[in-house]
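Here is the file input_37.tsv (TSV, C-alpha atoms (C1' of nucleotides)).
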chain	number	residue	atom	x	y	z
A	1	MET	CA	132.46	83.27	81.10
A	2	PRO	CA	130.91	83.01	77.73
A	3	PRO	CA	127.74	81.32	78.72
A	4	LYS	CA	125.90	78.81	76.75
A	5	GLY	CA	122.86	80.76	75.85
A	6	LYS	CA	119.32	79.60	76.10
A	7	LYS	CA	116.63	80.38	73.68
A	8	ARG	CA	114.51	83.15	74.88
A	9	GLY	CA	112.39	86.04	73.98
A	10	ARG	CA	109.82	86.38	71.33
A	11	ALA	CA	110.55	87.98	68.10
A	12	ALA	CA	109.42	88.30	64.58
A	13	LEU	CA	110.31	85.18	62.68
A	14	THR	CA	110.44	87.04	59.45
A	15	ALA	CA	113.28	89.26	58.43
A	16	PRO	CA	112.06	92.80	58.12
A	17	LYS	CA	113.74	95.50	56.09
A	18	GLU	CA	116.34	97.62	57.77
A	19	PRO	CA	114.38	99.98	59.92
A	20	ASP	CA	113.92	103.47	60.55
A	21	PHE	CA	116.28	104.38	63.28
A	22	LYS	CA	114.69	107.66	64.13
A	23	ASP	CA	111.83	105.90	65.82
A	24	ALA	CA	114.24	104.07	68.05
A	25	ARG	CA	115.69	107.27	69.35
A	26	SER	CA	114.61	109.14	72.42
A	27	GLU	CA	111.53	107.13	73.09
A	28	LEU	CA	111.40	108.33	76.64
A	29	GLN	CA	111.35	111.90	75.56
A	30	GLY	CA	108.32	111.15	73.49
A	31	GLU	CA	110.04	112.26	70.37
A	32	SER	CA	108.04	109.94	68.19
A	33	LYS	CA	104.96	111.92	69.05
A	34	ARG	CA	106.38	115.11	67.64
A	35	PRO	CA	105.28	116.29	64.25
A	36	LYS	CA	107.36	114.88	61.46
A	37	SER	CA	108.87	118.22	60.54
A	38	GLN	CA	110.22	118.64	64.03
A	39	ARG	CA	111.64	115.17	64.06
A	40	VAL	CA	113.49	115.80	60.83
A	41	GLU	CA	114.98	118.93	62.25
A	42	MET	CA	116.18	117.13	65.35
A	43	LYS	CA	117.69	114.45	63.23
A	44	SER	CA	119.79	116.91	61.27
A	45	LEU	CA	120.80	118.66	64.46
A	46	ALA	CA	121.90	115.39	65.89
A	47	THR	CA	124.00	114.53	62.90
A	48	GLY	CA	125.15	117.93	61.74
A	49	ASN	CA	128.38	117.87	63.68
A	50	VAL	CA	129.62	114.55	62.39
A	51	ALA	CA	130.91	115.34	58.96
A	52	GLU	CA	133.21	112.32	58.73
A	53	THR	CA	130.68	109.58	58.81
A	54	SER	CA	127.77	108.89	56.60
A	55	GLY	CA	125.06	106.32	56.49
A	56	VAL	CA	122.01	105.77	58.55
A	57	GLU	CA	123.60	103.09	60.66
A	58	ALA	CA	126.61	105.17	61.68
A	59	ARG	CA	124.44	108.14	62.56
A	60	ALA	CA	122.09	106.01	64.56
A	61	GLU	CA	125.04	104.60	66.45
A	62	GLN	CA	126.31	108.06	67.28
A	63	ASP	CA	122.87	109.11	68.38
A	64	ARG	CA	122.67	106.13	70.66
A	65	ASN	CA	126.07	106.86	72.13
A	66	LYS	CA	124.78	110.21	73.29
A	67	ARG	CA	121.96	108.65	75.15
A	68	VAL	CA	122.26	108.06	78.80
A	69	HIS	CA	120.26	104.99	79.57
A	70	THR	CA	121.54	103.58	82.80
A	71	HIS	CA	119.09	100.83	83.67
A	72	TRP	CA	117.07	98.30	81.76
A	73	LEU	CA	114.18	95.90	81.87
A	74	MET	CA	114.42	92.63	79.99
A	75	LYS	CA	111.51	90.30	79.36
A	76	SER	CA	111.74	86.55	79.25
A	77	GLU	CA	109.25	83.74	79.44
A	78	PRO	CA	109.40	81.46	82.50
A	79	GLU	CA	106.86	78.98	81.16
A	80	SER	CA	107.31	76.49	78.35
A	81	ARG	CA	106.27	77.59	74.90
A	82	PHE	CA	107.35	75.99	71.69
A	83	GLU	CA	108.53	77.96	68.72
A	84	LYS	CA	109.37	75.84	65.67
A	85	GLY	CA	109.63	72.84	67.94
A	86	VAL	CA	112.01	74.52	70.36
A	87	ASP	CA	111.11	75.43	73.92
A	88	VAL	CA	111.81	79.11	74.48
A	89	LYS	CA	111.25	78.95	78.23
A	90	PHE	CA	113.88	80.89	80.15
A	91	GLY	CA	112.89	82.12	83.59
A	92	ILE	CA	115.11	83.55	86.27
A	93	GLU	CA	115.52	80.08	87.78
A	94	ASP	CA	116.90	78.92	84.44
A	95	LEU	CA	119.38	81.77	84.51
A	96	LYS	CA	120.49	80.82	88.03
A	97	ALA	CA	121.15	77.30	86.80
A	98	GLN	CA	123.55	78.45	84.06
A	99	PRO	CA	127.30	78.13	84.51
A	100	ASN	CA	128.42	81.22	86.36
A	101	GLN	CA	124.74	82.22	86.46
A	102	THR	CA	125.46	83.92	83.17
A	103	ALA	CA	123.71	83.66	79.81
A	104	CYS	CA	123.59	85.38	76.46
A	105	TRP	CA	120.41	87.23	75.65
A	106	ASP	CA	119.82	85.85	72.19
A	107	GLY	CA	116.84	85.78	69.90
A	108	ILE	CA	116.00	89.48	69.88
A	109	ARG	CA	114.53	90.24	66.45
A	110	ASN	CA	113.08	93.67	66.86
A	111	TYR	CA	115.13	96.65	65.75
A	112	GLN	CA	114.27	98.91	68.60
A	113	ALA	CA	115.07	96.23	71.16
A	114	ARG	CA	118.31	95.45	69.32
A	115	ASN	CA	119.34	99.09	69.44
A	116	PHE	CA	118.80	99.16	73.17
A	117	LEU	CA	120.96	96.05	73.49
A	118	LYS	CA	123.69	97.96	71.67
A	119	ASP	CA	123.35	100.81	74.14
A	120	MET	CA	124.02	98.62	77.14
A	121	LYS	CA	127.27	99.06	79.03
A	122	ALA	CA	129.02	96.42	81.10
A	123	GLY	CA	128.15	96.76	84.76
A	124	GLN	CA	124.70	98.24	84.22
A	125	GLU	CA	121.79	96.60	85.97
A	126	ALA	CA	118.47	95.42	84.62
A	127	PHE	CA	115.27	93.97	85.96
A	128	PHE	CA	114.54	90.41	84.88
A	129	TYR	CA	110.87	90.46	83.92
A	130	HIS	CA	108.68	87.39	83.54
A	131	SER	CA	106.33	87.72	80.59
A	132	ASN	CA	103.62	85.66	78.93
A	133	CYS	CA	102.95	83.67	82.09
A	134	LYS	CA	100.56	83.13	84.97
A	135	GLU	CA	101.90	86.04	86.93
A	136	PRO	CA	103.83	88.60	84.90
A	137	GLY	CA	106.20	90.91	86.75
A	138	ILE	CA	109.70	91.57	87.99
A	139	ALA	CA	111.49	88.60	89.51
A	140	GLY	CA	115.06	89.69	89.96
A	141	ILE	CA	118.03	91.83	89.08
A	142	ILE	CA	120.69	91.03	86.51
A	143	LYS	CA	123.84	92.77	85.34
A	144	ILE	CA	125.26	93.32	81.87
A	145	VAL	CA	128.58	91.48	81.79
A	146	LYS	CA	129.37	91.61	78.08
A	147	GLU	CA	128.39	94.34	75.65
A	148	ALA	CA	126.69	93.73	72.32
A	149	TYR	CA	128.16	91.20	69.89
A	150	PRO	CA	126.59	89.25	67.04
A	151	ASP	CA	123.81	86.86	67.98
A	152	HIS	CA	124.96	83.47	66.67
A	153	THR	CA	121.44	82.10	66.48
A	154	GLN	CA	120.67	84.23	63.43
A	155	PHE	CA	123.02	81.97	61.42
A	156	GLU	CA	121.70	78.65	62.70
A	157	LYS	CA	119.17	77.14	60.36
A	158	LYS	CA	117.44	75.06	62.99
A	159	ASP	CA	117.12	77.91	65.43
A	160	PRO	CA	113.65	79.44	65.78
A	161	HIS	CA	115.25	82.85	65.28
A	162	TYR	CA	117.28	81.98	62.19
A	163	ASP	CA	117.48	84.88	59.77
A	164	ALA	CA	118.41	83.95	56.22
A	165	SER	CA	118.91	87.60	55.32
A	166	SER	CA	121.77	88.14	57.75
A	167	THR	CA	125.43	87.47	56.97
A	168	LYS	CA	128.47	86.98	59.18
A	169	GLU	CA	130.13	89.87	57.37
A	170	LYS	CA	127.24	92.13	58.25
A	171	PRO	CA	125.26	90.61	61.09
A	172	LYS	CA	121.87	92.06	61.67
A	173	TRP	CA	121.16	90.94	65.21
A	174	PHE	CA	123.10	91.32	68.45
A	175	MET	CA	123.04	90.05	71.98
A	176	VAL	CA	124.64	90.83	75.33
A	177	ASP	CA	125.68	88.56	78.17
A	178	ILE	CA	123.93	89.04	81.47
A	179	GLN	CA	124.56	87.62	84.94
A	180	PHE	CA	122.18	86.90	87.77
A	181	MET	CA	122.62	89.33	90.66
A	182	ARG	CA	119.80	88.55	93.03
A	183	MET	CA	116.10	87.90	93.29
A	184	THR	CA	114.06	90.94	94.20
A	185	LYS	CA	113.08	90.76	97.87
A	186	ARG	CA	109.63	89.94	96.66
A	187	PHE	CA	108.08	89.37	93.26
A	188	ILE	CA	106.75	92.67	91.91
A	189	PRO	CA	103.67	91.94	89.82
A	190	LEU	CA	102.82	93.82	86.67
A	191	ALA	CA	99.39	94.57	88.12
A	192	GLU	CA	101.01	96.49	90.96
A	193	LEU	CA	103.32	98.40	88.64
A	194	LYS	CA	100.31	99.25	86.52
A	195	LEU	CA	98.51	100.79	89.50
A	196	HIS	CA	101.53	103.00	90.12
A	197	HIS	CA	101.67	103.87	86.45
A	198	GLN	CA	98.05	105.02	86.57
A	199	ALA	CA	98.64	107.06	89.71
A	200	HIS	CA	101.82	108.58	88.32
A	201	LYS	CA	100.06	109.72	85.19
A	202	ILE	CA	98.14	112.04	87.47
A	203	SER	CA	100.80	112.86	90.04
A	204	GLY	CA	103.67	113.06	87.58
A	205	GLY	CA	105.56	110.27	89.31
A	206	PRO	CA	108.42	108.28	87.78
A	207	LEU	CA	106.33	105.52	86.20
A	208	LYS	CA	104.22	108.03	84.31
A	209	ASP	CA	105.92	107.23	81.02
A	210	ALA	CA	107.60	103.92	81.77
A	211	ALA	CA	108.23	101.99	78.57
A	212	LEU	CA	106.57	98.94	80.10
A	213	PHE	CA	103.28	100.72	79.49
A	214	THR	CA	104.01	103.16	76.72
A	215	ARG	CA	105.88	100.63	74.55
A	216	GLN	CA	103.86	97.65	75.48
A	217	ARG	CA	105.49	95.04	73.25
A	218	LEU	CA	109.12	96.05	73.57
A	219	SER	CA	111.08	93.21	75.17
A	220	VAL	CA	114.24	95.18	75.97
A	221	GLN	CA	113.64	98.62	77.37
A	222	PRO	CA	115.42	101.41	79.21
A	223	LEU	CA	114.55	102.73	82.66
A	224	THR	CA	115.64	106.04	84.09
A	225	ASP	CA	117.49	106.16	87.41
A	226	GLU	CA	114.29	107.40	89.00
A	227	GLN	CA	112.20	104.62	87.57
A	228	PHE	CA	114.68	101.97	88.64
A	229	ALA	CA	114.93	103.42	92.15
A	230	PHE	CA	111.18	103.70	92.48
A	231	ILE	CA	110.60	100.08	91.52
A	232	LEU	CA	113.37	98.99	93.88
A	233	SER	CA	111.64	100.85	96.70
A	234	LEU	CA	108.58	98.66	96.17
A	235	GLU	CA	110.62	95.68	97.34
A	236	GLU	CA	110.32	96.93	100.90
A	237	GLU	CA	106.55	97.12	100.94
A	238	LYS	CA	104.59	94.36	102.59
A	239	HIS	CA	102.04	92.62	100.42
B	1	DG	C1'	91.86	80.98	74.20
B	2	DC	C1'	90.72	85.69	73.17
B	3	DC	C1'	92.02	89.80	71.47
B	4	DA	C1'	94.14	94.67	71.74
B	5	DA	C1'	98.29	96.70	70.57
B	6	DC	C1'	101.49	97.40	67.34
B	7	DG	C1'	105.47	96.18	64.16
B	8	DT	C1'	106.18	94.54	59.37
B	9	DT	C1'	104.98	93.61	54.61
B	10	DG	C1'	103.74	94.57	50.16
B	11	DG	C1'	100.38	96.42	46.67
B	12	DC	C1'	99.52	100.46	44.64
C	1	DG	C1'	105.38	106.82	50.62
C	2	DC	C1'	100.74	105.50	52.15
C	3	DC	C1'	98.11	102.28	54.41
C	4	DA	C1'	95.40	97.85	54.70
C	5	DA	C1'	96.37	93.26	55.65
C	6	DC	C1'	98.87	90.33	58.26
C	7	DG	C1'	101.60	88.34	62.05
C	8	DT	C1'	103.41	88.58	66.73
C	9	DT	C1'	103.43	90.02	71.66
C	10	DG	C1'	101.75	89.31	75.78
C	11	DG	C1'	98.04	90.51	79.33
C	12	DC	C1'	93.89	88.79	80.94
Starting from the file, give its structure as structure tokens.
Amino acid sequence: MPPKGKKRGRAALTAPKEPDFKDARSELQGESKRPKSQRVEMKSLATGNVAETSGVEARAEQDRNKRVHTHWLMKSEPESRFEKGVDVKFGIEDLKAQPNQTACWDGIRNYQARNFLKDMKAGQEAFFYHSNCKEPGIAGIIKIVKEAYPDHTQFEKKDPHYDASSTKEKPKWFMVDIQFMRMTKRFIPLAELKLHHQAHKISGGPLKDAALFTRQRLSVQPLTDEQFAFILSLEEEKH
DNA sequence: GCCAACGTTGGC
DNA sequence: GCCAACGTTGGC
């Protein structure tokens, strides 16, 4: 099962300071747009009933455990691009070619994306999204088959995503294993999703606040049940 | 290849 | 702790 991972994803090559977890919380509820004072209050509410634990990390983990993200969208690049001499290409066809059609999702070096990886539960489904390519959009459906564990590439000096500031005792970056489920019945282009997003902003439809548009650069993002179902329904349309 | 969006860094 | 400069993401 443990797949041999392929390099993928784009991420900061530098090693940023440990982040601010509050911004990673409740993105879909638009919490980050609240005034600071309100955010602080929510934070203490969220942590007030956990007297035992302390520390930003532990609280953030508990906050995440309360969240109910059921579906995901994961971006990967299907066309060759070299990062520190290494090709980071990993399209859905590359996933299909892996042993067991399974791979580890390594190379994520953004805290918010990492936190979403940690939220993932085995069995949950995600869209496999092709980014930074001729035609960006959703190509297929994958399933989480192994929950978050340390990303080994952070310790490998030659890896484009090596992070000198991380230790095996306290790894900074995590990955999950995912397995190919199926191609979508047709490729669903970003341009089409964007049209729905625009329409839904007016009608109040499910893509109104989809992270794909509101968190433009996030490479691992949650979808609500409604968003996932809506996008799936687009498969049936003729184009 | 351009460049808007946006996350991170570091000076103050 | 603010915020300008910088670097990356990723569509077009």
Take atom C1' of DG10 of chain C and atom CA of Ala122 of chain A and report the distance between them in Å, one decimal.
->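 According to the coordinates, atom C1' of DG10 of chain C and atom CA of Ala122 of chain A are separated by 28.7 Å.
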Per-residue nearest contacts of chain B to chain A (12 Å; all atoms listed in the file) as a tab-separated table:
residue	atom	partner	partner_atom	distance
B:DA4	C1'	A:Gln216	CA	10.8
B:DA5	C1'	A:Gln216	CA	7.5
B:DC6	C1'	A:Arg217	CA	7.5
B:DG7	C1'	A:Asn110	CA	8.5
B:DT8	C1'	A:Pro16	CA	6.3
B:DT9	C1'	A:Pro16	CA	7.9
B:DG10	C1'	A:Pro16	CA	11.6
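Atom pair atom CA of Ser219 of chain A / atom CA of Gln101 of chain A: separated by 20.9 Å.
Atom pair atom CA of Ser165 of chain A / atom CA of Gly107 of chain A has a distance of 14.8 Å (rounded to one decimal).
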Pick from A:Asp106, A:Asp151, A:Glu135, A:Glu192, whichever lies nearest to DG11 of chain C using only C-alpha atoms (C1' of nucleotides) | A:Glu135
Box time for segment 4-10 of chain C: axis-aligned, enclosing all its listed atoms, 4 Å extra on each side; report centre and edge lengths in Å to one decimal, as AutoDock Vina command-line options.
--center_x 99.4 --center_y 93.1 --center_z 65.2 --size_x 16.0 --size_y 17.5 --size_z 29.1
